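K.L.:
So here's input-v1.cif (mmCIF, C-alpha atoms).
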```cif
data_run
loop_
_atom_site.label_atom_id
_atom_site.label_comp_id
_atom_site.auth_asym_id
_atom_site.auth_seq_id
_atom_site.Cartn_x
_atom_site.Cartn_y
_atom_site.Cartn_z
CA MET A 1 -16.67 2.09 -14.83
CA LEU A 2 -13.74 4.43 -15.19
CA LYS A 3 -13.65 6.21 -18.54
CA ILE A 4 -10.61 8.11 -19.72
CA LYS A 5 -10.69 10.21 -22.88
CA ASN A 6 -7.06 11.22 -23.06
CA TYR A 7 -4.07 9.64 -21.37
CA VAL A 8 -0.97 11.81 -21.12
CA LYS A 9 2.36 10.56 -19.84
CA ALA A 10 3.74 13.83 -18.53
CA GLU A 11 7.17 14.89 -19.76
CA SER A 12 7.65 17.47 -17.03
CA LEU A 13 5.98 18.61 -13.82
CA ALA A 14 5.26 21.96 -15.48
CA GLN A 15 3.30 20.20 -18.22
CA ALA A 16 1.47 18.03 -15.69
CA TYR A 17 0.56 21.09 -13.62
CA GLU A 18 -0.75 22.97 -16.62
CA LEU A 19 -2.88 20.02 -17.76
CA ASN A 20 -4.19 19.57 -14.23
CA GLN A 21 -5.68 23.09 -14.16
CA LYS A 22 -8.40 22.01 -16.59
CA LYS A 23 -11.71 20.65 -15.45
CA ASN A 24 -12.08 16.86 -15.44
CA ALA A 25 -8.34 16.34 -15.42
CA ILE A 26 -6.83 14.05 -12.84
CA VAL A 27 -3.37 12.97 -11.77
CA LEU A 28 -3.10 9.18 -11.66
CA GLY A 29 -1.65 7.42 -8.66
CA GLY A 30 -1.67 3.65 -8.55
CA MET A 31 -5.32 3.59 -9.68
CA VAL A 32 -6.41 0.89 -7.23
CA TRP A 33 -8.96 3.29 -5.70
CA LEU A 34 -9.67 5.44 -8.74
CA LYS A 35 -10.66 2.56 -11.00
CA MET A 36 -13.36 1.40 -8.59
CA GLY A 37 -15.48 4.51 -9.16
CA ASN A 38 -17.65 5.63 -12.05
CA ARG A 39 -15.83 8.60 -13.43
CA ASN A 40 -15.52 10.30 -16.74
CA ILE A 41 -12.05 11.75 -16.97
CA VAL A 42 -11.12 13.98 -19.88
CA THR A 43 -7.40 14.01 -19.19
CA ALA A 44 -5.56 11.43 -17.10
CA ILE A 45 -2.08 12.65 -16.22
CA ASP A 46 0.53 9.99 -15.58
CA LEU A 47 3.62 11.06 -13.59
CA SER A 48 5.26 7.64 -13.85
CA GLY A 49 7.85 8.82 -16.38
CA LEU A 50 9.32 11.54 -14.15
CA GLY A 51 11.53 9.42 -11.89
CA LEU A 52 9.39 10.07 -8.83
CA ASP A 53 9.07 6.43 -7.81
CA SER A 54 11.87 6.06 -5.29
CA ILE A 55 13.09 7.04 -1.85
CA THR A 56 16.16 9.24 -1.47
CA GLU A 57 17.83 9.37 1.91
CA THR A 58 20.01 12.26 3.02
CA ASP A 59 21.50 13.06 6.44
CA GLU A 60 18.44 15.13 7.34
CA GLU A 61 15.48 13.49 5.63
CA PHE A 62 13.82 10.85 3.50
CA VAL A 63 12.44 12.21 0.25
CA ILE A 64 9.72 9.88 -1.00
CA GLY A 65 8.64 10.48 -4.60
CA CYS A 66 4.88 10.66 -5.09
CA MET A 67 4.90 7.57 -7.34
CA THR A 68 6.73 5.41 -4.79
CA SER A 69 4.72 2.26 -4.13
CA LEU A 70 3.47 1.23 -0.71
CA HIS A 71 5.50 -1.97 -1.04
CA ALA A 72 8.64 0.16 -1.51
CA ILE A 73 8.13 1.98 1.82
CA GLU A 74 7.23 -1.35 3.41
CA THR A 75 10.57 -2.85 2.43
CA HIS A 76 12.82 0.23 2.73
CA LYS A 77 15.43 -0.68 5.32
CA ALA A 78 16.47 2.76 6.55
CA LEU A 79 12.93 4.14 6.75
CA ASN A 80 11.88 1.13 8.82
CA GLU A 81 14.92 1.37 11.04
CA TYR A 82 14.08 5.02 11.65
CA THR A 83 10.44 4.18 12.52
CA GLY A 84 11.11 0.95 14.39
CA GLY A 85 9.18 -0.97 11.73
CA ALA A 86 6.06 1.21 12.14
CA VAL A 87 5.94 2.15 8.45
CA ARG A 88 6.01 -1.52 7.49
CA GLU A 89 3.31 -2.28 10.06
CA SER A 90 1.11 0.51 8.69
CA VAL A 91 0.99 -0.88 5.15
CA ARG A 92 1.52 -4.63 5.42
CA HIS A 93 -2.18 -5.32 6.11
CA ILE A 94 -3.35 -3.49 2.99
CA VAL A 95 -4.78 -6.15 0.63
CA GLY A 96 -1.68 -7.88 -0.77
CA VAL A 97 1.77 -7.36 -2.26
CA GLN A 98 0.38 -6.96 -5.80
CA PHE A 99 -1.94 -4.21 -4.60
CA ARG A 100 0.87 -2.48 -2.69
CA ASN A 101 3.09 -2.60 -5.77
CA CYS A 102 0.43 -0.51 -7.52
CA ALA A 103 -0.82 1.85 -4.80
CA THR A 104 1.37 4.92 -4.40
CA VAL A 105 2.37 7.08 -1.43
CA GLY A 106 1.37 10.21 -3.37
CA GLY A 107 -2.07 8.83 -4.19
CA SER A 108 -2.66 7.84 -0.58
CA ILE A 109 -1.55 11.18 0.86
CA PHE A 110 -3.06 13.48 -1.79
CA GLY A 111 -6.40 11.65 -1.60
CA ARG A 112 -6.61 12.28 2.15
CA PHE A 113 -8.87 9.24 2.32
CA GLY A 114 -10.66 8.43 5.55
CA PHE A 115 -9.55 4.81 5.44
CA SER A 116 -5.89 5.64 4.90
CA ASP A 117 -3.36 3.78 7.01
CA VAL A 118 -0.65 5.72 5.16
CA LEU A 119 -2.04 9.15 6.07
CA THR A 120 -2.33 8.08 9.74
CA MET A 121 1.28 6.86 9.81
CA PHE A 122 2.79 9.88 8.07
CA LEU A 123 0.90 12.32 10.30
CA ALA A 124 2.71 10.77 13.25
CA MET A 125 6.12 11.78 11.88
CA ASP A 126 7.78 15.11 11.07
CA THR A 127 6.34 14.91 7.57
CA TRP A 128 6.17 17.60 4.92
CA VAL A 129 4.62 17.57 1.48
CA GLU A 130 6.26 19.22 -1.51
CA LEU A 131 3.66 20.67 -3.85
CA TYR A 132 4.58 21.87 -7.33
CA ASP A 133 3.04 25.31 -6.93
CA ARG A 134 2.86 25.88 -3.19
CA GLY A 135 6.17 24.37 -2.20
CA ARG A 136 6.83 22.60 1.09
CA ILE A 137 4.20 22.62 3.81
CA PRO A 138 3.74 20.41 6.89
CA LEU A 139 1.46 17.40 6.37
CA THR A 140 -0.54 18.49 9.43
CA GLU A 141 -1.48 21.63 7.45
CA PHE A 142 -2.00 19.83 4.12
CA VAL A 143 -4.40 17.31 5.63
CA LEU A 144 -6.80 20.14 6.54
CA MET A 145 -6.73 21.77 3.09
CA GLU A 146 -9.41 21.24 0.45
CA LYS A 147 -8.32 19.23 -2.59
CA ASP A 148 -7.08 21.57 -5.30
CA ASN A 149 -5.28 21.38 -8.64
CA ASP A 150 -1.76 21.47 -7.28
CA ILE A 151 0.53 18.46 -7.74
CA LEU A 152 2.05 16.52 -4.89
CA VAL A 153 5.65 15.89 -5.94
CA ASN A 154 7.37 14.45 -2.88
CA VAL A 155 6.56 13.42 0.66
CA ILE A 156 9.40 14.36 2.99
CA VAL A 157 10.06 12.75 6.35
CA LYS A 158 12.55 14.69 8.43
CA LYS A 159 14.88 12.61 10.56
CA THR A 160 13.79 14.26 13.78
CA PRO A 161 14.43 11.87 16.73
CA LEU A 162 11.38 9.60 16.69
CA ASN A 163 9.79 6.87 18.75
CA THR A 164 6.59 5.68 17.09
CA VAL A 165 4.04 2.87 17.21
CA TYR A 166 1.39 2.01 14.63
CA LEU A 167 -1.72 -0.04 15.37
CA SER A 168 -4.85 -0.80 13.39
CA GLN A 169 -7.98 -2.82 13.91
CA ARG A 170 -9.54 -4.77 11.05
CA ASN A 171 -12.60 -6.99 10.96
CA ASN A 172 -10.74 -9.24 8.56
CA SER A 173 -7.08 -9.41 7.72
CA THR A 174 -6.28 -7.40 4.53
CA ASP A 175 -9.61 -5.50 4.71
CA PHE A 176 -10.00 -1.73 5.18
CA PRO A 177 -9.21 -0.73 8.77
CA VAL A 178 -12.03 -0.07 11.24
CA LEU A 179 -9.72 2.26 13.15
CA THR A 180 -6.10 3.31 12.81
CA CYS A 181 -3.85 4.73 15.51
CA ALA A 182 -0.31 6.07 15.35
CA VAL A 183 1.42 7.62 18.33
CA SER A 184 4.87 9.11 18.54
CA LEU A 185 7.38 11.12 20.45
CA ILE A 186 8.75 13.54 17.88
CA ASP A 187 11.89 14.96 19.48
CA GLY A 188 10.24 14.22 22.84
CA GLU A 189 6.93 15.83 21.93
CA ALA A 190 3.89 13.56 22.12
CA ARG A 191 1.57 13.17 19.13
CA THR A 192 -1.45 10.91 18.73
CA VAL A 193 -3.15 10.33 15.37
CA ILE A 194 -6.44 8.53 14.86
CA GLY A 195 -7.78 7.59 11.41
CA ALA A 196 -10.52 5.53 9.77
CA ARG A 197 -12.93 7.10 12.27
CA PRO A 198 -14.17 6.58 9.43
CA GLY A 199 -13.38 10.21 8.64
CA LYS A 200 -9.84 11.15 7.65
CA ALA A 201 -7.03 10.95 10.17
CA ILE A 202 -6.71 13.71 12.76
CA VAL A 203 -4.08 14.71 15.30
CA VAL A 204 -5.56 14.51 18.80
CA GLU A 205 -4.58 17.69 20.62
CA ASP A 206 -3.35 17.09 24.18
CA LYS A 207 -4.95 20.24 25.55
CA GLU A 208 -4.69 19.08 29.17
CA GLY A 209 -1.00 18.22 28.83
CA ILE A 210 -1.57 14.63 29.98
CA LEU A 211 1.40 13.35 27.99
CA LYS A 212 3.65 16.33 28.70
CA GLY A 213 7.15 15.23 29.70
CA PHE A 214 6.23 11.60 28.93
CA SER A 215 9.86 10.49 28.60
CA GLU A 216 10.70 11.75 32.10
CA LYS A 217 7.87 9.89 33.79
CA ASP A 218 8.58 6.69 35.75
CA PRO A 219 7.04 3.41 34.50
CA ARG A 220 3.97 3.69 36.75
CA GLU A 221 3.33 7.31 35.74
CA LYS A 222 3.70 6.36 32.07
CA LYS A 223 1.09 3.68 32.44
CA GLU A 224 -1.26 6.08 34.16
CA ALA A 225 -0.68 8.78 31.53
CA ALA A 226 -1.38 6.24 28.75
CA ALA A 227 -4.70 5.21 30.33
CA SER A 228 -5.65 8.78 31.15
CA PHE A 229 -4.87 10.09 27.66
CA ALA A 230 -6.69 7.13 26.07
CA ALA A 231 -9.85 8.06 27.97
CA TYR A 232 -9.38 11.70 26.98
CA ALA A 233 -8.90 10.75 23.29
CA ALA A 234 -12.06 8.63 23.33
CA GLU A 235 -13.97 11.73 24.49
CA GLN A 236 -12.34 14.08 21.98
CA VAL A 237 -12.19 12.05 18.76
CA VAL A 238 -15.34 12.25 16.66
CA THR A 239 -16.27 8.82 15.29
CA ASP A 240 -19.13 7.59 13.15
CA LYS A 241 -20.66 4.38 11.86
CA ASN A 242 -20.35 2.80 8.43
CA MET A 243 -20.83 -0.71 7.04
CA ARG A 244 -17.79 -2.00 8.94
CA ALA A 245 -18.42 -0.78 12.48
CA SER A 246 -20.64 1.31 14.72
CA LYS A 247 -19.74 4.67 16.18
CA GLU A 248 -19.69 3.19 19.70
CA TYR A 249 -17.33 0.38 18.70
CA ARG A 250 -14.95 2.86 17.09
CA THR A 251 -14.90 5.04 20.20
CA LEU A 252 -14.08 1.96 22.24
CA LEU A 253 -11.23 1.23 19.83
CA VAL A 254 -9.90 4.80 20.13
CA LYS A 255 -9.48 4.22 23.84
CA ILE A 256 -7.96 0.77 23.56
CA LEU A 257 -5.55 1.37 20.69
CA THR A 258 -4.40 4.72 22.12
CA ARG A 259 -3.68 3.13 25.48
CA ARG A 260 -1.86 0.15 23.97
CA ALA A 261 0.23 2.36 21.70
CA TRP A 262 1.31 4.71 24.52
CA GLU A 263 2.06 1.76 26.79
CA GLU A 264 4.26 0.34 24.05
CA ILE A 265 6.13 3.65 23.74
CA GLY A 266 6.39 3.82 27.56
CA GLY A 267 7.81 0.30 27.71
CA ARG A 268 10.48 1.20 25.17
CA GLU A 269 11.38 4.44 26.90
CA SER A 270 12.03 2.92 30.32
CA MET B 1 -2.16 5.21 -28.60
CA ASN B 2 0.71 2.97 -29.55
CA ILE B 3 2.78 1.09 -26.99
CA THR B 4 5.90 -1.03 -27.22
CA PHE B 5 6.31 -3.71 -24.59
CA TRP B 6 7.57 -7.22 -23.95
CA LEU B 7 4.99 -9.97 -23.48
CA ASN B 8 6.49 -13.18 -22.14
CA GLY B 9 9.88 -12.30 -23.58
CA LYS B 10 8.68 -11.19 -27.01
CA LYS B 11 8.84 -7.54 -28.04
CA LYS B 12 5.48 -6.31 -29.27
CA GLN B 13 3.74 -3.19 -30.47
CA ALA B 14 0.07 -2.57 -29.97
CA GLU B 15 -2.68 0.03 -30.13
CA VAL B 16 -4.39 0.59 -26.79
CA GLU B 17 -7.37 2.69 -25.70
CA PRO B 18 -6.80 5.29 -22.93
CA SER B 19 -9.25 3.51 -20.59
CA GLU B 20 -8.12 0.00 -21.44
CA LEU B 21 -7.00 -2.06 -18.47
CA LEU B 22 -3.98 -4.31 -18.73
CA LEU B 23 -6.13 -7.31 -17.76
CA ASP B 24 -8.47 -6.89 -20.76
CA PHE B 25 -5.58 -6.09 -23.04
CA LEU B 26 -3.69 -9.25 -22.05
CA ARG B 27 -6.76 -11.45 -22.55
CA LYS B 28 -7.20 -9.85 -25.99
CA ASN B 29 -3.63 -10.99 -26.61
CA SER B 30 -4.54 -14.62 -25.83
CA CYS B 31 -3.28 -14.62 -22.23
CA TYR B 32 -6.37 -16.33 -20.83
CA SER B 33 -4.62 -17.29 -17.59
CA VAL B 34 -5.21 -13.69 -16.47
CA LYS B 35 -8.60 -13.58 -14.78
CA ARG B 36 -11.00 -11.08 -13.30
CA GLY B 37 -12.30 -12.47 -10.04
CA CYS B 38 -13.59 -9.58 -7.96
CA GLU B 39 -13.72 -6.07 -9.51
CA THR B 40 -12.50 -4.62 -6.19
CA ALA B 41 -8.71 -5.09 -6.55
CA ASN B 42 -8.80 -7.69 -3.80
CA CYS B 43 -8.61 -11.23 -5.13
CA GLY B 44 -5.22 -11.39 -6.86
CA LEU B 45 -6.49 -13.54 -9.76
CA CYS B 46 -5.27 -10.99 -12.31
CA THR B 47 -1.68 -10.97 -10.99
CA VAL B 48 1.02 -10.58 -13.63
CA LEU B 49 4.66 -9.58 -13.36
CA MET B 50 5.60 -6.11 -14.56
CA ASP B 51 9.37 -5.66 -14.72
CA GLY B 52 9.58 -8.61 -12.33
CA ARG B 53 7.17 -7.24 -9.75
CA PRO B 54 3.71 -8.68 -9.14
CA VAL B 55 0.93 -6.19 -9.95
CA LEU B 56 -2.86 -6.27 -10.28
CA SER B 57 -3.54 -6.07 -14.01
CA CYS B 58 -7.17 -5.15 -13.19
CA SER B 59 -6.00 -1.82 -11.80
CA MET B 60 -3.25 -1.05 -14.30
CA LEU B 61 -3.82 0.88 -17.51
CA ALA B 62 -2.55 -0.97 -20.58
CA ALA B 63 -0.90 2.33 -21.53
CA ARG B 64 1.35 1.97 -18.49
CA ALA B 65 2.83 -1.22 -19.94
CA ASP B 66 4.69 0.93 -22.47
CA GLY B 67 8.39 0.09 -22.28
CA LYS B 68 7.75 -2.60 -19.67
CA LYS B 69 8.29 -6.35 -19.49
CA ILE B 70 5.07 -8.22 -18.78
CA VAL B 71 5.08 -11.88 -17.83
CA THR B 72 1.94 -14.00 -17.47
CA LEU B 73 1.59 -17.67 -16.62
CA GLU B 74 1.69 -18.41 -20.38
CA GLY B 75 5.34 -17.34 -20.25
CA MET B 76 6.24 -19.57 -17.32
CA GLN B 77 4.95 -22.95 -18.42
CA ASP B 78 7.95 -25.03 -17.32
CA GLU B 79 8.10 -23.44 -13.87
CA ALA B 80 4.32 -23.73 -13.50
CA LYS B 81 4.44 -27.41 -14.39
CA GLU B 82 7.13 -28.06 -11.81
CA PHE B 83 5.36 -26.20 -8.99
CA GLY B 84 1.90 -27.32 -10.14
CA ALA B 85 2.85 -30.92 -9.44
CA PHE B 86 3.42 -30.03 -5.78
CA MET B 87 0.03 -28.36 -5.59
CA ALA B 88 -1.65 -31.38 -7.16
CA ASN B 89 0.12 -33.78 -4.79
CA GLU B 90 -1.14 -31.82 -1.79
CA GLY B 91 -4.67 -31.66 -3.11
CA SER B 92 -4.58 -27.88 -3.01
CA GLU B 93 -5.96 -27.54 -6.51
CA GLN B 94 -9.75 -27.45 -6.36
CA CYS B 95 -11.68 -25.55 -9.05
CA GLY B 96 -8.44 -24.02 -10.31
CA PHE B 97 -9.78 -20.56 -11.11
CA CYS B 98 -7.47 -18.73 -8.70
CA ASN B 99 -4.50 -20.87 -9.63
CA PRO B 100 -2.71 -18.75 -12.31
CA GLY B 101 -2.72 -15.58 -10.21
CA PHE B 102 -1.64 -17.57 -7.18
CA ILE B 103 1.25 -19.24 -8.99
CA MET B 104 2.43 -15.90 -10.41
CA ASN B 105 2.60 -14.45 -6.92
CA VAL B 106 4.40 -17.56 -5.61
CA PHE B 107 7.05 -16.99 -8.29
CA ALA B 108 7.28 -13.33 -7.31
CA MET B 109 7.70 -14.35 -3.67
CA LEU B 110 10.49 -16.79 -4.52
CA GLN B 111 12.29 -13.94 -6.29
CA GLU B 112 11.83 -11.49 -3.42
CA LEU B 113 12.14 -13.54 -0.24
CA GLU B 114 15.02 -15.79 0.62
CA ASP B 115 14.05 -18.93 2.49
CA PRO B 116 10.68 -17.56 3.70
CA THR B 117 9.09 -18.83 6.91
CA GLU B 118 5.50 -20.07 6.96
CA ASP B 119 4.33 -16.72 8.38
CA GLU B 120 6.19 -14.82 5.67
CA ILE B 121 4.61 -17.04 3.01
CA ARG B 122 1.13 -16.40 4.39
CA GLU B 123 1.74 -12.68 4.52
CA TYR B 124 3.15 -12.48 1.00
CA LEU B 125 0.26 -14.46 -0.46
CA SER B 126 -2.52 -12.85 1.59
CA GLY B 127 -3.64 -10.92 -1.49
CA ASN B 128 -4.49 -14.13 -3.35
CA LEU B 129 -7.94 -15.38 -2.47
CA CYS B 130 -9.10 -18.98 -2.94
CA ARG B 131 -12.74 -19.63 -2.22
CA CYS B 132 -12.58 -23.44 -2.42
CA SER B 133 -9.95 -24.00 0.22
CA GLY B 134 -8.51 -22.73 3.46
CA PHE B 135 -5.01 -22.16 1.99
CA VAL B 136 -3.59 -25.04 4.06
CA GLY B 137 -2.88 -27.25 1.04
CA GLN B 138 -1.30 -24.36 -0.81
CA THR B 139 0.98 -23.54 2.14
CA ARG B 140 1.98 -27.20 2.42
CA SER B 141 2.77 -27.39 -1.28
CA ILE B 142 4.96 -24.29 -1.10
CA LEU B 143 6.88 -25.57 1.94
CA LYS B 144 7.49 -28.92 0.20
CA PHE B 145 8.48 -27.17 -3.02
CA LEU B 146 10.95 -24.96 -1.12
CA ASP B 147 12.40 -28.03 0.56
CA TYR B 148 12.74 -29.80 -2.79
CA LYS B 149 14.45 -26.77 -4.34
CA LYS B 150 16.84 -26.50 -1.41
CA ARG B 151 17.85 -30.14 -1.70
CA GLN B 152 18.22 -29.73 -5.44
CA GLU B 153 20.63 -26.83 -4.80
CA GLU B 154 22.58 -28.80 -2.19
CA GLY B 155 22.89 -31.75 -4.57
CA LYS B 156 24.63 -29.59 -7.18
#
```
Could you show the structure in this file as structure tokens?

P.N.:
Amino acid sequence: MLKIKNYVKAESLAQAYELNQKKNAIVLGGMVWLKMGNRNIVTAIDLSGLGLDSITETDEEFVIGCMTSLHAIETHKALNEYTGGAVRESVRHIVGVQFRNCATVGGSIFGRFGFSDVLTMFLAMDTWVELYDRGRIPLTEFVLMEKDNDILVNVIVKKTPLNTVYLSQRNNSTDFPVLTCAVSLIDGEARTVIGARPGKAIVVEDKEGILKGFSEKDPREKKEAAASFAAYAAEQVVTDKNMRASKEYRTLLVKILTRRAWEEIGGRES
Amino acid sequence: MNITFWLNGKKKQAEVEPSELLLDFLRKNSCYSVKRGCETANCGLCTVLMDGRPVLSCSMLAARADGKKIVTLEGMQDEAKEFGAFMANEGSEQCGFCNPGFIMNVFAMLQELEDPTEDEIREYLSGNLCRCSGFVGQTRSILKFLDYKKRQEEGK
């Protein structure tokens, strides 16, 4: 069971940051994951009174407050227009609406959970995180960092020209994913992200340049590049087994989902 | 700590423990429609409305209800009776344990979605598990209820 000694509704980010430097302090997200564990927390810091639960759109970016719910990004019109509905697709299979009204974007991203659909999706965009102490850094950098006592304030998605597709495989609808896959052309540059390996999501480096100049390829070349990169990804991405799937099955899924996602992008581009 | 909140339209003050979950707190306040079905934030039986939005009270600290409007099935008796009749007529009510959470999410759906399709209904309610049935009766009852409401509107 989750035990909390002190609950503090933070009055400022400075106060929250200071409290979070102590041992056994934790910043609360939506608590849907946290409450499942056995933890003794001395200080639970609640950011829900700081107005960080909404999405602000400017000409250049979407600023998503850390306390924004997954259902809010699922139903945000402009964000889904920008991503061709990929953001909605990435969260709509997560349990149910009630769950997604609790779970937060900040909790999902800060936790850097292996099973995270959200982390996979956001890694496939020009995403930055705004940390209270460290400031803005790219999500691709943040995902590799160890968890520390900083506070994730906002998740920023820059409106760089984007063509993206999100796919996931689940044994049962609404269950944890067995594999997640997000691919995108970010201002023409190809990016492939695989998550729920079951380790946390990673960007698959295209070291052989298989997807280079993808937009300029003709339909047949696109199809070939998709198949070729899918095979390459299956070799590169480290997978493992857990109670939901074997390592071999996951590697098979890396190949299939990567190919399907790139074929989808290719179909849109031509 | 002390919280001020609205429970089914009535303003209340209460003392809550830091670890106390909204589900346990509501049951302590005689809202026995709110049930714990799974312990893994999956079944939807504990669904209540917080400021009009459906949330899992099993995963929500009671402290977070401070300043919020909480509605449970106890506060929606007339609406529940009206919709419940459709469920009964379609035979979708079996043991009844999942029913309050299900009905709360149906009400939330009716607030959020305009004229939902069958697929949209299934998707919105996928976080409400029923272990007696295959959800077919429930879907039928919702479609008939929507049809009834539409005709009621047109008749005005």

K.L.:
Using all atoms listed in the file, which protein or nucleic acid residues come within 12 Å of region 17-20 of chain A? Drop anything in the same chain fewer than 4 positions from it, and give the result as a VMD selection string.

P.N.:
chain A and resid 6 to 13 24 to 28 41 to 47 131 to 134 148 to 153

K.L.:
Compute the chain A side of the contact with chain B at 7 Å, counting only C-alpha atoms, and hand it back as a ChimeraX atom specification.

P.N.:
/A:3-7,31-32,35-36,95-99,101-102

K.L.:
Just the number, please: distance in Å from CA of Cys98 (chain B) to CA of His71 (chain A), one decimal.

P.N.:
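Atom-to-atom, CA of Cys98 (chain B) to CA of His71 (chain A), that is 22.5 Å.
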
K.L.:
Could you name the residues that touch Lys255 (chain A) at 8 Å or less, counting only C-alpha atoms, but leaving out those on the same chain fewer than 6 positions away, as a list in words?

P.N.:
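My list of contacting residues is Ala230, Ala231, Ala233 and Ala234 of chain A.
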
K.L.:
Could you name the residues that touch Ser246 (chain A) at 12 Å or less, counting all atoms listed in the file, but leaving out those on the same chain fewer than 5 positions away, as a ChimeraX atom specification?

P.N.:
/A:178-179,197-198,239-241,251-253

K.L.:
So for region 152-160 of chain A, what box centre and size do we get, axis-aligned, 4 Å extra on each of the six sides, every listed atom, Å to one decimal, as AutoDock Vina command-line options?

P.N.:
```
--center_x 8.5 --center_y 14.6 --center_z 3.9 --size_x 20.8 --size_y 11.9 --size_z 27.7
```

K.L.:
For this structure, which residues satisfy the selection - the PyMOL selection byres ((chain B and resi 72) around 9) - when it is evaluated on the file as given? I want them as a ChimeraX atom specification.

P.N.:
/B:7-8,26,31,33-34,47-49,70-71,73-76,100-101,104

K.L.:
Can you tell me how far CA of Arg27 (chain B) sits from CA of Ala14 (chain B), in Å to one decimal?

P.N.:
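Straight-line distance from CA of Arg27 (chain B) to CA of Ala14 (chain B) works out to 13.4 Å.
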
K.L.:
Tell me which protein, DNA and RNA residues are within 8 Å of region 109-111 of chain A, counting only C-alpha atoms, leaving out same-chain ones fewer than 3 positions away, and put them as an MDAnalysis selection string.

P.N.:
chainID A and resid 105:106 118:119 147 152

K.L.:
Can you work out which one of B:Phe83, B:Phe5, B:Phe25, B:Phe97 has the shortest atom-to-atom distance to Ser133 (chain B), counting all atoms listed in the file?

P.N.:
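Selected residue with least distance to Ser133 (chain B): B:Phe97.
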
K.L.:
Near region 118-120 of chain B, counting only C-alpha atoms, which residues have an atom at most 12 Å away, once you skip same-chain residues fewer than 6 positions from it, shown as a list in words?

P.N.:
Arg92 and Val97 of chain A; Val106, Met109, Leu110, Glu112, Ser126, Phe135, Val136, Gln138, Thr139, Arg140, Ser141, Ile142, Leu143, Lys144 and Leu146 of chain B
